[in-house]
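Chemist: If it helps, the file is called entry-v9.cif and holds mmCIF, N, CA and C atoms and all ligand atoms:
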```cif
data_protein
#
loop_
_atom_site.label_atom_id
_atom_site.label_comp_id
_atom_site.auth_asym_id
_atom_site.auth_seq_id
_atom_site.Cartn_x
_atom_site.Cartn_y
_atom_site.Cartn_z
N MET A 31 6.92 -5.97 -7.89
CA MET A 31 7.28 -6.39 -9.24
C MET A 31 8.75 -6.76 -9.32
N LEU A 32 9.05 -8.03 -9.48
CA LEU A 32 10.44 -8.46 -9.54
C LEU A 32 10.96 -8.45 -10.97
N CYS A 33 12.19 -8.06 -11.12
CA CYS A 33 12.83 -8.14 -12.43
C CYS A 33 12.93 -9.61 -12.81
N PRO A 34 12.43 -9.99 -14.00
CA PRO A 34 12.48 -11.42 -14.38
C PRO A 34 13.90 -11.91 -14.66
N PHE A 35 14.82 -10.98 -14.78
CA PHE A 35 16.19 -11.37 -15.12
C PHE A 35 17.07 -11.55 -13.88
N CYS A 36 17.05 -10.53 -13.00
CA CYS A 36 17.93 -10.63 -11.83
C CYS A 36 17.16 -10.69 -10.52
N LYS A 37 15.82 -10.69 -10.59
CA LYS A 37 14.96 -10.80 -9.41
C LYS A 37 15.03 -9.60 -8.45
N ASN A 38 15.62 -8.54 -8.93
CA ASN A 38 15.67 -7.32 -8.12
C ASN A 38 14.25 -6.75 -8.02
N SER A 39 13.92 -6.18 -6.86
CA SER A 39 12.55 -5.70 -6.70
C SER A 39 12.38 -4.22 -7.07
N GLU A 40 13.49 -3.54 -7.32
CA GLU A 40 13.39 -2.12 -7.66
C GLU A 40 13.30 -1.95 -9.18
N THR A 41 12.09 -1.71 -9.64
CA THR A 41 11.93 -1.46 -11.07
C THR A 41 11.16 -0.18 -11.26
N LYS A 42 11.40 0.49 -12.35
CA LYS A 42 10.63 1.71 -12.59
C LYS A 42 9.86 1.61 -13.90
N VAL A 43 8.74 2.33 -13.93
CA VAL A 43 7.91 2.32 -15.13
C VAL A 43 8.47 3.35 -16.09
N VAL A 44 8.80 2.92 -17.30
CA VAL A 44 9.34 3.87 -18.27
C VAL A 44 8.29 4.27 -19.31
N ASP A 45 7.25 3.47 -19.43
CA ASP A 45 6.18 3.82 -20.36
C ASP A 45 4.93 3.08 -19.92
N SER A 46 3.80 3.71 -20.15
CA SER A 46 2.55 3.12 -19.69
C SER A 46 1.47 3.46 -20.70
N ARG A 47 0.79 2.47 -21.21
CA ARG A 47 -0.32 2.80 -22.11
C ARG A 47 -1.49 1.84 -21.93
N ASP A 48 -2.66 2.41 -22.14
CA ASP A 48 -3.87 1.60 -21.99
C ASP A 48 -4.18 0.85 -23.26
N THR A 49 -4.64 -0.37 -23.09
CA THR A 49 -5.10 -1.14 -24.24
C THR A 49 -6.48 -1.67 -23.89
N ASN A 50 -7.14 -2.26 -24.87
CA ASN A 50 -8.47 -2.82 -24.64
C ASN A 50 -9.40 -1.81 -23.94
N GLU A 51 -9.52 -0.66 -24.56
CA GLU A 51 -10.39 0.41 -24.06
C GLU A 51 -10.10 0.80 -22.62
N GLY A 52 -8.84 0.81 -22.30
CA GLY A 52 -8.45 1.28 -20.97
C GLY A 52 -8.59 0.24 -19.87
N LYS A 53 -9.01 -0.98 -20.23
CA LYS A 53 -9.20 -1.99 -19.19
C LYS A 53 -7.89 -2.66 -18.80
N ILE A 54 -6.94 -2.61 -19.70
CA ILE A 54 -5.64 -3.20 -19.40
C ILE A 54 -4.56 -2.15 -19.63
N THR A 55 -3.67 -2.06 -18.69
CA THR A 55 -2.57 -1.12 -18.84
C THR A 55 -1.29 -1.90 -19.07
N ARG A 56 -0.63 -1.56 -20.13
CA ARG A 56 0.65 -2.18 -20.40
C ARG A 56 1.71 -1.24 -19.86
N ARG A 57 2.56 -1.77 -19.04
CA ARG A 57 3.65 -0.95 -18.52
C ARG A 57 4.98 -1.50 -18.95
N ARG A 58 5.79 -0.61 -19.44
CA ARG A 58 7.14 -0.96 -19.80
C ARG A 58 7.97 -0.62 -18.57
N ARG A 59 8.68 -1.58 -18.06
CA ARG A 59 9.47 -1.33 -16.85
C ARG A 59 10.95 -1.53 -17.10
N GLU A 60 11.71 -0.86 -16.28
CA GLU A 60 13.15 -1.02 -16.38
C GLU A 60 13.68 -1.37 -14.99
N CYS A 61 14.51 -2.40 -14.94
CA CYS A 61 15.11 -2.81 -13.68
C CYS A 61 16.17 -1.78 -13.29
N GLU A 62 16.14 -1.35 -12.05
CA GLU A 62 17.09 -0.33 -11.62
C GLU A 62 18.47 -0.91 -11.32
N LYS A 63 18.55 -2.22 -11.31
CA LYS A 63 19.83 -2.86 -11.02
C LYS A 63 20.53 -3.29 -12.30
N CYS A 64 19.85 -4.10 -13.12
CA CYS A 64 20.52 -4.62 -14.32
C CYS A 64 20.07 -3.90 -15.60
N ASN A 65 19.14 -2.94 -15.45
CA ASN A 65 18.65 -2.14 -16.57
C ASN A 65 17.90 -2.90 -17.65
N ALA A 66 17.55 -4.14 -17.37
CA ALA A 66 16.77 -4.91 -18.33
C ALA A 66 15.37 -4.30 -18.42
N ARG A 67 14.77 -4.39 -19.61
CA ARG A 67 13.41 -3.86 -19.78
C ARG A 67 12.44 -5.00 -20.02
N PHE A 68 11.27 -4.88 -19.44
CA PHE A 68 10.24 -5.90 -19.63
C PHE A 68 8.87 -5.25 -19.49
N SER A 69 7.85 -5.96 -19.92
CA SER A 69 6.50 -5.40 -19.87
C SER A 69 5.62 -6.14 -18.88
N THR A 70 4.73 -5.41 -18.28
CA THR A 70 3.73 -6.05 -17.44
C THR A 70 2.36 -5.59 -17.93
N TYR A 71 1.39 -6.40 -17.72
CA TYR A 71 0.03 -6.06 -18.11
C TYR A 71 -0.84 -6.08 -16.88
N GLU A 72 -1.46 -4.96 -16.62
CA GLU A 72 -2.27 -4.88 -15.41
C GLU A 72 -3.72 -4.65 -15.76
N GLU A 73 -4.54 -5.50 -15.22
CA GLU A 73 -5.96 -5.33 -15.44
C GLU A 73 -6.55 -4.50 -14.32
N VAL A 74 -7.45 -3.64 -14.69
CA VAL A 74 -8.07 -2.81 -13.68
C VAL A 74 -9.12 -3.64 -12.95
N GLU A 75 -8.87 -3.81 -11.69
CA GLU A 75 -9.83 -4.58 -10.90
C GLU A 75 -10.04 -3.83 -9.60
N PRO A 76 -11.13 -3.09 -9.52
CA PRO A 76 -11.32 -2.32 -8.30
C PRO A 76 -11.47 -3.23 -7.09
N LEU A 77 -10.86 -2.78 -6.02
CA LEU A 77 -10.89 -3.56 -4.79
C LEU A 77 -12.26 -3.40 -4.16
N ARG A 78 -12.99 -4.49 -4.11
CA ARG A 78 -14.33 -4.40 -3.56
C ARG A 78 -14.43 -5.24 -2.30
N LEU A 79 -14.48 -4.58 -1.18
CA LEU A 79 -14.63 -5.33 0.06
C LEU A 79 -15.24 -4.46 1.13
N SER A 80 -15.64 -5.10 2.20
CA SER A 80 -16.22 -4.36 3.31
C SER A 80 -15.19 -4.21 4.42
N VAL A 81 -15.28 -3.08 5.06
CA VAL A 81 -14.40 -2.83 6.18
C VAL A 81 -15.25 -2.85 7.44
N ILE A 82 -14.78 -3.60 8.43
CA ILE A 82 -15.52 -3.66 9.68
C ILE A 82 -14.82 -2.81 10.72
N LYS A 83 -15.55 -1.83 11.20
CA LYS A 83 -14.96 -0.92 12.18
C LYS A 83 -15.01 -1.55 13.56
N LYS A 84 -14.30 -0.91 14.46
CA LYS A 84 -14.18 -1.43 15.81
C LYS A 84 -15.55 -1.62 16.46
N ASN A 85 -16.47 -0.68 16.17
CA ASN A 85 -17.81 -0.77 16.76
C ASN A 85 -18.71 -1.78 16.03
N GLY A 86 -18.13 -2.50 15.09
CA GLY A 86 -18.90 -3.53 14.40
C GLY A 86 -19.61 -3.06 13.14
N GLU A 87 -19.60 -1.75 12.93
CA GLU A 87 -20.23 -1.21 11.73
C GLU A 87 -19.46 -1.62 10.49
N LYS A 88 -20.23 -1.85 9.43
CA LYS A 88 -19.61 -2.26 8.19
C LYS A 88 -19.71 -1.11 7.19
N GLU A 89 -18.65 -0.90 6.46
CA GLU A 89 -18.75 0.08 5.39
C GLU A 89 -17.93 -0.39 4.20
N ASP A 90 -18.22 0.21 3.03
CA ASP A 90 -17.46 -0.16 1.84
C ASP A 90 -16.02 0.32 1.98
N TYR A 91 -15.14 -0.48 1.48
CA TYR A 91 -13.74 -0.09 1.46
C TYR A 91 -13.58 1.19 0.65
N ASP A 92 -12.90 2.14 1.23
CA ASP A 92 -12.69 3.42 0.55
C ASP A 92 -11.21 3.76 0.57
N LYS A 93 -10.63 3.58 -0.58
CA LYS A 93 -9.20 3.80 -0.76
C LYS A 93 -8.76 5.21 -0.37
N SER A 94 -9.66 6.18 -0.61
CA SER A 94 -9.27 7.57 -0.36
C SER A 94 -9.05 7.85 1.13
N LYS A 95 -9.69 7.05 1.99
CA LYS A 95 -9.49 7.25 3.43
C LYS A 95 -8.06 6.90 3.82
N ILE A 96 -7.58 5.81 3.27
CA ILE A 96 -6.20 5.40 3.55
C ILE A 96 -5.24 6.44 2.97
N GLU A 97 -5.58 6.86 1.75
CA GLU A 97 -4.74 7.83 1.07
C GLU A 97 -4.63 9.12 1.89
N ASN A 98 -5.76 9.59 2.39
CA ASN A 98 -5.74 10.82 3.21
C ASN A 98 -4.88 10.65 4.45
N GLY A 99 -5.05 9.52 5.11
CA GLY A 99 -4.29 9.26 6.33
C GLY A 99 -2.80 9.21 6.06
N VAL A 100 -2.45 8.54 4.98
CA VAL A 100 -1.04 8.40 4.63
C VAL A 100 -0.45 9.75 4.23
N ARG A 101 -1.20 10.51 3.45
CA ARG A 101 -0.70 11.82 3.01
C ARG A 101 -0.51 12.75 4.21
N ARG A 102 -1.43 12.67 5.15
CA ARG A 102 -1.32 13.50 6.35
C ARG A 102 -0.04 13.13 7.12
N ALA A 103 0.21 11.83 7.20
CA ALA A 103 1.40 11.36 7.92
C ALA A 103 2.69 11.78 7.22
N LEU A 104 2.60 11.98 5.90
CA LEU A 104 3.80 12.29 5.13
C LEU A 104 4.04 13.78 4.91
N VAL A 105 3.18 14.61 5.47
CA VAL A 105 3.32 16.06 5.29
C VAL A 105 4.72 16.53 5.68
N LYS A 106 5.34 17.26 4.77
CA LYS A 106 6.69 17.82 4.97
C LYS A 106 7.78 16.78 5.19
N ARG A 107 7.51 15.56 4.83
CA ARG A 107 8.56 14.54 4.86
C ARG A 107 9.20 14.48 3.48
N PRO A 108 10.49 14.13 3.43
CA PRO A 108 11.18 14.12 2.13
C PRO A 108 10.86 12.88 1.30
N ILE A 109 9.58 12.70 1.03
CA ILE A 109 9.15 11.52 0.27
C ILE A 109 8.51 12.00 -1.04
N THR A 110 9.02 11.50 -2.14
CA THR A 110 8.52 11.95 -3.44
C THR A 110 7.09 11.43 -3.70
N GLN A 111 6.43 12.12 -4.64
CA GLN A 111 5.09 11.70 -5.06
C GLN A 111 5.12 10.25 -5.55
N GLU A 112 6.19 9.95 -6.25
CA GLU A 112 6.33 8.61 -6.81
C GLU A 112 6.38 7.55 -5.70
N LYS A 113 7.16 7.86 -4.68
CA LYS A 113 7.25 6.92 -3.57
C LYS A 113 5.94 6.79 -2.81
N THR A 114 5.24 7.92 -2.68
CA THR A 114 3.94 7.90 -2.02
C THR A 114 2.97 7.03 -2.80
N ALA A 115 2.98 7.21 -4.12
CA ALA A 115 2.09 6.42 -4.97
C ALA A 115 2.42 4.94 -4.88
N LYS A 116 3.71 4.65 -4.82
CA LYS A 116 4.13 3.25 -4.72
C LYS A 116 3.67 2.66 -3.38
N LEU A 117 3.84 3.46 -2.34
CA LEU A 117 3.43 3.02 -1.01
C LEU A 117 1.94 2.69 -0.99
N LEU A 118 1.14 3.61 -1.56
CA LEU A 118 -0.31 3.38 -1.59
C LEU A 118 -0.66 2.14 -2.40
N GLY A 119 0.06 1.95 -3.49
CA GLY A 119 -0.16 0.76 -4.31
C GLY A 119 0.19 -0.52 -3.54
N ASP A 120 1.30 -0.45 -2.82
CA ASP A 120 1.74 -1.60 -2.03
C ASP A 120 0.73 -1.94 -0.93
N ILE A 121 0.22 -0.89 -0.31
CA ILE A 121 -0.76 -1.08 0.77
C ILE A 121 -2.01 -1.76 0.21
N GLU A 122 -2.48 -1.22 -0.93
CA GLU A 122 -3.68 -1.80 -1.52
C GLU A 122 -3.43 -3.26 -1.94
N TYR A 123 -2.26 -3.49 -2.46
CA TYR A 123 -1.91 -4.85 -2.89
C TYR A 123 -1.97 -5.81 -1.70
N GLU A 124 -1.43 -5.37 -0.57
CA GLU A 124 -1.43 -6.24 0.62
C GLU A 124 -2.84 -6.50 1.14
N ILE A 125 -3.66 -5.46 1.10
CA ILE A 125 -5.05 -5.63 1.54
C ILE A 125 -5.73 -6.64 0.63
N HIS A 126 -5.48 -6.45 -0.67
CA HIS A 126 -6.05 -7.34 -1.67
C HIS A 126 -5.60 -8.78 -1.45
N SER A 127 -4.33 -8.95 -1.12
CA SER A 127 -3.80 -10.30 -1.00
C SER A 127 -4.25 -11.02 0.28
N LEU A 128 -4.97 -10.31 1.14
CA LEU A 128 -5.57 -11.00 2.28
C LEU A 128 -6.66 -11.93 1.77
N GLU A 129 -7.19 -11.58 0.58
CA GLU A 129 -8.24 -12.36 -0.07
C GLU A 129 -9.42 -12.63 0.83
N LYS A 130 -9.87 -11.56 1.46
CA LYS A 130 -11.05 -11.68 2.31
C LYS A 130 -12.12 -10.68 1.85
N PRO A 131 -13.36 -11.06 1.93
CA PRO A 131 -14.42 -10.12 1.53
C PRO A 131 -14.65 -9.02 2.58
N GLU A 132 -14.23 -9.32 3.79
CA GLU A 132 -14.38 -8.34 4.87
C GLU A 132 -13.07 -8.22 5.63
N VAL A 133 -12.68 -7.00 5.89
CA VAL A 133 -11.41 -6.78 6.57
C VAL A 133 -11.65 -5.82 7.74
N MET A 134 -11.02 -6.11 8.86
CA MET A 134 -11.13 -5.22 10.01
C MET A 134 -10.27 -3.97 9.80
N THR A 135 -10.73 -2.85 10.30
CA THR A 135 -9.93 -1.62 10.19
C THR A 135 -8.55 -1.85 10.82
N ARG A 136 -8.54 -2.66 11.87
CA ARG A 136 -7.31 -2.97 12.57
C ARG A 136 -6.28 -3.62 11.63
N GLU A 137 -6.76 -4.53 10.80
CA GLU A 137 -5.87 -5.21 9.86
C GLU A 137 -5.30 -4.23 8.85
N ILE A 138 -6.17 -3.34 8.39
CA ILE A 138 -5.72 -2.34 7.42
C ILE A 138 -4.69 -1.42 8.09
N GLY A 139 -4.99 -1.03 9.31
CA GLY A 139 -4.07 -0.17 10.06
C GLY A 139 -2.69 -0.81 10.20
N LYS A 140 -2.69 -2.09 10.48
CA LYS A 140 -1.42 -2.80 10.64
C LYS A 140 -0.60 -2.80 9.36
N ILE A 141 -1.30 -3.01 8.25
CA ILE A 141 -0.62 -3.03 6.95
C ILE A 141 -0.02 -1.65 6.66
N VAL A 142 -0.83 -0.62 6.90
CA VAL A 142 -0.35 0.74 6.65
C VAL A 142 0.86 1.04 7.53
N LEU A 143 0.77 0.66 8.79
CA LEU A 143 1.88 0.91 9.72
C LEU A 143 3.16 0.20 9.27
N LYS A 144 2.98 -1.03 8.86
CA LYS A 144 4.14 -1.82 8.43
C LYS A 144 4.84 -1.17 7.23
N LYS A 145 4.01 -0.76 6.28
CA LYS A 145 4.56 -0.14 5.06
C LYS A 145 5.19 1.22 5.36
N LEU A 146 4.54 1.99 6.22
CA LEU A 146 5.08 3.31 6.56
C LEU A 146 6.41 3.17 7.30
N LYS A 147 6.48 2.18 8.14
CA LYS A 147 7.70 1.97 8.92
C LYS A 147 8.89 1.70 8.01
N GLU A 148 8.61 0.97 6.93
CA GLU A 148 9.68 0.68 5.97
C GLU A 148 10.13 1.95 5.23
N LEU A 149 9.19 2.87 5.10
CA LEU A 149 9.47 4.06 4.29
C LEU A 149 10.01 5.24 5.09
N ASP A 150 9.36 5.53 6.19
CA ASP A 150 9.72 6.75 6.92
C ASP A 150 9.28 6.66 8.38
N GLU A 151 10.25 6.72 9.24
CA GLU A 151 10.00 6.53 10.67
C GLU A 151 9.05 7.60 11.25
N VAL A 152 9.26 8.84 10.84
CA VAL A 152 8.44 9.94 11.37
C VAL A 152 6.98 9.77 10.95
N ALA A 153 6.79 9.47 9.67
CA ALA A 153 5.43 9.27 9.16
C ALA A 153 4.76 8.09 9.87
N TYR A 154 5.57 7.11 10.15
CA TYR A 154 5.07 5.93 10.85
C TYR A 154 4.55 6.30 12.23
N VAL A 155 5.33 7.07 12.96
CA VAL A 155 4.91 7.46 14.31
C VAL A 155 3.66 8.35 14.26
N ARG A 156 3.64 9.25 13.28
CA ARG A 156 2.45 10.11 13.11
C ARG A 156 1.20 9.28 12.84
N PHE A 157 1.33 8.36 11.92
CA PHE A 157 0.17 7.54 11.57
C PHE A 157 -0.26 6.68 12.75
N ALA A 158 0.74 6.17 13.46
CA ALA A 158 0.45 5.33 14.62
C ALA A 158 -0.38 6.08 15.66
N SER A 159 -0.09 7.37 15.84
CA SER A 159 -0.84 8.13 16.84
C SER A 159 -2.29 8.35 16.39
N VAL A 160 -2.48 8.53 15.08
CA VAL A 160 -3.85 8.66 14.56
C VAL A 160 -4.58 7.33 14.67
N TYR A 161 -3.86 6.30 14.31
CA TYR A 161 -4.39 4.94 14.34
C TYR A 161 -4.87 4.60 15.74
N LYS A 162 -4.08 4.98 16.70
CA LYS A 162 -4.43 4.74 18.09
C LYS A 162 -5.74 5.44 18.45
N SER A 163 -5.86 6.67 17.97
CA SER A 163 -7.05 7.44 18.34
C SER A 163 -8.32 6.89 17.70
N PHE A 164 -8.20 6.20 16.54
CA PHE A 164 -9.43 5.59 16.04
C PHE A 164 -9.63 4.19 16.59
N GLY A 165 -8.77 3.83 17.52
CA GLY A 165 -9.06 2.70 18.38
C GLY A 165 -8.70 1.32 17.91
N SER A 166 -7.52 0.90 18.19
CA SER A 166 -7.19 -0.49 17.92
C SER A 166 -7.59 -1.30 19.14
N VAL A 167 -7.79 -2.56 18.94
CA VAL A 167 -8.19 -3.41 20.05
C VAL A 167 -7.02 -3.63 21.00
N GLU A 168 -5.90 -3.97 20.42
CA GLU A 168 -4.71 -4.12 21.26
C GLU A 168 -4.19 -2.75 21.63
N SER A 169 -3.35 -2.74 22.61
CA SER A 169 -2.78 -1.45 22.99
C SER A 169 -1.75 -1.02 21.95
N PHE A 170 -1.55 0.27 21.91
CA PHE A 170 -0.61 0.84 20.98
C PHE A 170 0.79 0.24 21.19
N LYS A 171 1.13 0.11 22.44
CA LYS A 171 2.44 -0.42 22.79
C LYS A 171 2.66 -1.82 22.20
N LYS A 172 1.62 -2.59 22.30
CA LYS A 172 1.70 -3.95 21.80
C LYS A 172 1.93 -3.97 20.28
N GLU A 173 1.26 -3.04 19.61
CA GLU A 173 1.43 -2.93 18.16
C GLU A 173 2.89 -2.62 17.82
N LEU A 174 3.43 -1.68 18.57
CA LEU A 174 4.81 -1.28 18.31
C LEU A 174 5.76 -2.45 18.54
N ASP A 175 5.55 -3.15 19.63
CA ASP A 175 6.40 -4.31 19.93
C ASP A 175 6.34 -5.33 18.81
N MET A 176 5.13 -5.54 18.34
CA MET A 176 4.92 -6.53 17.30
C MET A 176 5.64 -6.13 16.02
N LEU A 177 5.52 -4.85 15.67
CA LEU A 177 6.15 -4.38 14.45
C LEU A 177 7.67 -4.41 14.56
N ASP A 178 8.15 -4.11 15.75
CA ASP A 178 9.60 -4.11 15.96
C ASP A 178 10.20 -5.50 15.85
N SER A 179 9.42 -6.49 16.24
CA SER A 179 9.95 -7.84 16.23
C SER A 179 9.95 -8.45 14.83
N ASN A 180 9.29 -7.78 13.88
CA ASN A 180 9.27 -8.33 12.51
C ASN A 180 10.57 -8.02 11.76
ZN ZN B 201 17.22 -6.82 -13.15
#
```
In structure tokens, what does this structure look like?

Modeler:
Amino acid sequence: MLCPFCKNSETKVVDSRDTNEGKITRRRRECEKCNARFSTYEEVEPLRLSVIKKNGEKEDYDKSKIENGVRRALVKRPITQEKTAKLLGDIEYEIHSLEKPEVMTREIGKIVLKKLKELDEVAYVRFASVYKSFGSVESFKKELDMLDSN
């Protein structure tokens, strides 16, 4: 969410209320740089897609699986609940913006890794080791190289 005034990306929600029987959430935001206030309207649109596992099995996208993995990676790290929630929101947003009805677990893993790396190096390494164990196609090393070059 960019500040419409100064284009800064760090904004915080100062008030949030549901309208239209809870289908739309109006959020009052404040830019952390220029302190300007503005509103955003978010429609609830559940992410509906299939996830294809390495073995070819298809399953419904389940947000809580990502959430569990991320929370496990963040155990005892100095990351606030707010930041964790933002991270999860960002991850979901990126998955959504792939605009595909089916997504490989590998793609989701990459997104999670990328976001975790931006937030916390230790959590990133922890998640990467779990990610490796559920089997990426490329080698773990290759993933790391790729992320480092970004
Ligand atoms: Zn601003």

Chemist: When distances are computed from all atoms listed in the file, which of A:Glu60, A:Asp150, A:Asp48, A:Glu87 shows the smallest separation from ligand ZN 201 (chain B)?

Modeler: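 Checking each of A:Glu60, A:Asp150, A:Asp48, A:Glu87 against ligand ZN 201 (chain B), counting all atoms listed in the file, the winner is A:Glu60.
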
Chemist: Can you tell me which residues sit at most 10 Å away from ligand ZN 201 (chain B), counting only C-alpha atoms and all ligand atoms, written as a PyMOL selection string?

Modeler: chain A and resi 32-41+60-68

Chemist: Could you pull out the residues in stretch 54-132 of chain A that DSSP calls alpha helix (DSSP H) from the backbone, as an MDAnalysis selection string?

Modeler: chainID A and resid 93:103 111:127

Chemist: To one decimal place in Å, what is the distance between atom CA of A:Val44 and atom CA of A:Leu104?

Modeler: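 Answer for the atom CA of A:Val44 to atom CA of A:Leu104 separation: 25.5 Å.
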
Chemist: Would you mind listing, for every residue of stretch 103-127 of chain A within 8 Å of stretch 145-148 of chain A, the two atoms forming the shortest contact and the distance between them in Å to one decimal, using all atoms listed in the file, sorted by chain and ascending residue number, as JSON lines?

Modeler:
```
{"residue": "A:Leu117", "atom": "CA", "partner": "A:Lys145", "partner_atom": "C", "distance": 6.8}
{"residue": "A:Asp120", "atom": "C", "partner": "A:Lys145", "partner_atom": "CA", "distance": 7.3}
{"residue": "A:Ile121", "atom": "CA", "partner": "A:Lys145", "partner_atom": "CA", "distance": 6.9}
```

Chemist: Atom N of A:Tyr123 and atom CA of A:Val43, how far apart in Å?

Modeler: 17.3 Å

Chemist: Could you find all residues in stretch 50-166 of chain A that DSSP calls strand (DSSP E) from the backbone, and write them as a PDB file with N, CA and C atoms, in the frame of the given file?

Modeler:
```pdb
ATOM      1  N   ILE A  54      -6.940  -2.610 -19.700  1.00  0.00           N
ATOM      2  CA  ILE A  54      -5.640  -3.200 -19.400  1.00  0.00           C
ATOM      3  C   ILE A  54      -4.560  -2.150 -19.630  1.00  0.00           C
ATOM      4  N   THR A  55      -3.670  -2.060 -18.690  1.00  0.00           N
ATOM      5  CA  THR A  55      -2.570  -1.120 -18.840  1.00  0.00           C
ATOM      6  C   THR A  55      -1.290  -1.900 -19.070  1.00  0.00           C
ATOM      7  N   ARG A  56      -0.630  -1.560 -20.130  1.00  0.00           N
ATOM      8  CA  ARG A  56       0.650  -2.180 -20.400  1.00  0.00           C
ATOM      9  C   ARG A  56       1.710  -1.240 -19.860  1.00  0.00           C
ATOM     10  N   ARG A  57       2.560  -1.770 -19.040  1.00  0.00           N
ATOM     11  CA  ARG A  57       3.650  -0.950 -18.520  1.00  0.00           C
ATOM     12  C   ARG A  57       4.980  -1.500 -18.950  1.00  0.00           C
ATOM     13  N   ARG A  58       5.790  -0.610 -19.440  1.00  0.00           N
ATOM     14  CA  ARG A  58       7.140  -0.960 -19.800  1.00  0.00           C
ATOM     15  C   ARG A  58       7.970  -0.620 -18.570  1.00  0.00           C
ATOM     16  N   ARG A  59       8.680  -1.580 -18.060  1.00  0.00           N
ATOM     17  CA  ARG A  59       9.470  -1.330 -16.850  1.00  0.00           C
ATOM     18  C   ARG A  59      10.950  -1.530 -17.100  1.00  0.00           C
ATOM     19  N   GLU A  60      11.710  -0.860 -16.280  1.00  0.00           N
ATOM     20  CA  GLU A  60      13.150  -1.020 -16.380  1.00  0.00           C
ATOM     21  C   GLU A  60      13.680  -1.370 -14.990  1.00  0.00           C
ATOM     22  N   CYS A  61      14.510  -2.400 -14.940  1.00  0.00           N
ATOM     23  CA  CYS A  61      15.110  -2.810 -13.680  1.00  0.00           C
ATOM     24  C   CYS A  61      16.170  -1.780 -13.290  1.00  0.00           C
ATOM     25  N   ARG A  67      14.770  -4.390 -19.610  1.00  0.00           N
ATOM     26  CA  ARG A  67      13.410  -3.860 -19.780  1.00  0.00           C
ATOM     27  C   ARG A  67      12.440  -5.000 -20.020  1.00  0.00           C
ATOM     28  N   PHE A  68      11.270  -4.880 -19.440  1.00  0.00           N
ATOM     29  CA  PHE A  68      10.240  -5.900 -19.630  1.00  0.00           C
ATOM     30  C   PHE A  68       8.870  -5.250 -19.490  1.00  0.00           C
ATOM     31  N   SER A  69       7.850  -5.960 -19.920  1.00  0.00           N
ATOM     32  CA  SER A  69       6.500  -5.400 -19.870  1.00  0.00           C
ATOM     33  C   SER A  69       5.620  -6.140 -18.880  1.00  0.00           C
ATOM     34  N   THR A  70       4.730  -5.410 -18.280  1.00  0.00           N
ATOM     35  CA  THR A  70       3.730  -6.050 -17.440  1.00  0.00           C
ATOM     36  C   THR A  70       2.360  -5.590 -17.930  1.00  0.00           C
ATOM     37  N   TYR A  71       1.390  -6.400 -17.720  1.00  0.00           N
ATOM     38  CA  TYR A  71       0.030  -6.060 -18.110  1.00  0.00           C
ATOM     39  C   TYR A  71      -0.840  -6.080 -16.880  1.00  0.00           C
ATOM     40  N   GLU A  72      -1.460  -4.960 -16.620  1.00  0.00           N
ATOM     41  CA  GLU A  72      -2.270  -4.880 -15.410  1.00  0.00           C
ATOM     42  C   GLU A  72      -3.720  -4.650 -15.760  1.00  0.00           C
ATOM     43  N   GLU A  73      -4.540  -5.500 -15.220  1.00  0.00           N
ATOM     44  CA  GLU A  73      -5.960  -5.330 -15.440  1.00  0.00           C
ATOM     45  C   GLU A  73      -6.550  -4.500 -14.320  1.00  0.00           C
ATOM     46  N   SER A  80     -15.640  -5.100   2.200  1.00  0.00           N
ATOM     47  CA  SER A  80     -16.220  -4.360   3.310  1.00  0.00           C
ATOM     48  C   SER A  80     -15.190  -4.210   4.420  1.00  0.00           C
ATOM     49  N   VAL A  81     -15.280  -3.080   5.060  1.00  0.00           N
ATOM     50  CA  VAL A  81     -14.400  -2.830   6.180  1.00  0.00           C
ATOM     51  C   VAL A  81     -15.250  -2.850   7.440  1.00  0.00           C
ATOM     52  N   ILE A  82     -14.780  -3.600   8.430  1.00  0.00           N
ATOM     53  CA  ILE A  82     -15.520  -3.660   9.680  1.00  0.00           C
ATOM     54  C   ILE A  82     -14.820  -2.810  10.720  1.00  0.00           C
ATOM     55  N   LYS A  88     -20.230  -1.850   9.430  1.00  0.00           N
ATOM     56  CA  LYS A  88     -19.610  -2.260   8.190  1.00  0.00           C
ATOM     57  C   LYS A  88     -19.710  -1.110   7.190  1.00  0.00           C
ATOM     58  N   GLU A  89     -18.650  -0.900   6.460  1.00  0.00           N
ATOM     59  CA  GLU A  89     -18.750   0.080   5.390  1.00  0.00           C
ATOM     60  C   GLU A  89     -17.930  -0.390   4.200  1.00  0.00           C
ATOM     61  N   ASP A  90     -18.220   0.210   3.030  1.00  0.00           N
ATOM     62  CA  ASP A  90     -17.460  -0.160   1.840  1.00  0.00           C
ATOM     63  C   ASP A  90     -16.020   0.320   1.980  1.00  0.00           C
ATOM     64  N   GLU A 132     -14.230  -9.320   3.790  1.00  0.00           N
ATOM     65  CA  GLU A 132     -14.380  -8.340   4.870  1.00  0.00           C
ATOM     66  C   GLU A 132     -13.070  -8.220   5.630  1.00  0.00           C
ATOM     67  N   VAL A 133     -12.680  -7.000   5.890  1.00  0.00           N
ATOM     68  CA  VAL A 133     -11.410  -6.780   6.570  1.00  0.00           C
ATOM     69  C   VAL A 133     -11.650  -5.820   7.740  1.00  0.00           C
ATOM     70  N   MET A 134     -11.020  -6.110   8.860  1.00  0.00           N
ATOM     71  CA  MET A 134     -11.130  -5.220  10.010  1.00  0.00           C
ATOM     72  C   MET A 134     -10.270  -3.970   9.800  1.00  0.00           C
TER      73      MET A 134
END
```

Chemist: Atom CA of A:Arg56 and atom N of A:Glu72, how far apart in Å?

Modeler: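 These atoms are spaced 5.1 Å apart.
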
Chemist: Of the residues A:Glu132, A:Asp45, A:Glu151, A:Glu97, which is the one nearest to A:Val81, using all atoms listed in the file?

Modeler: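 Nearest to A:Val81: A:Glu132.
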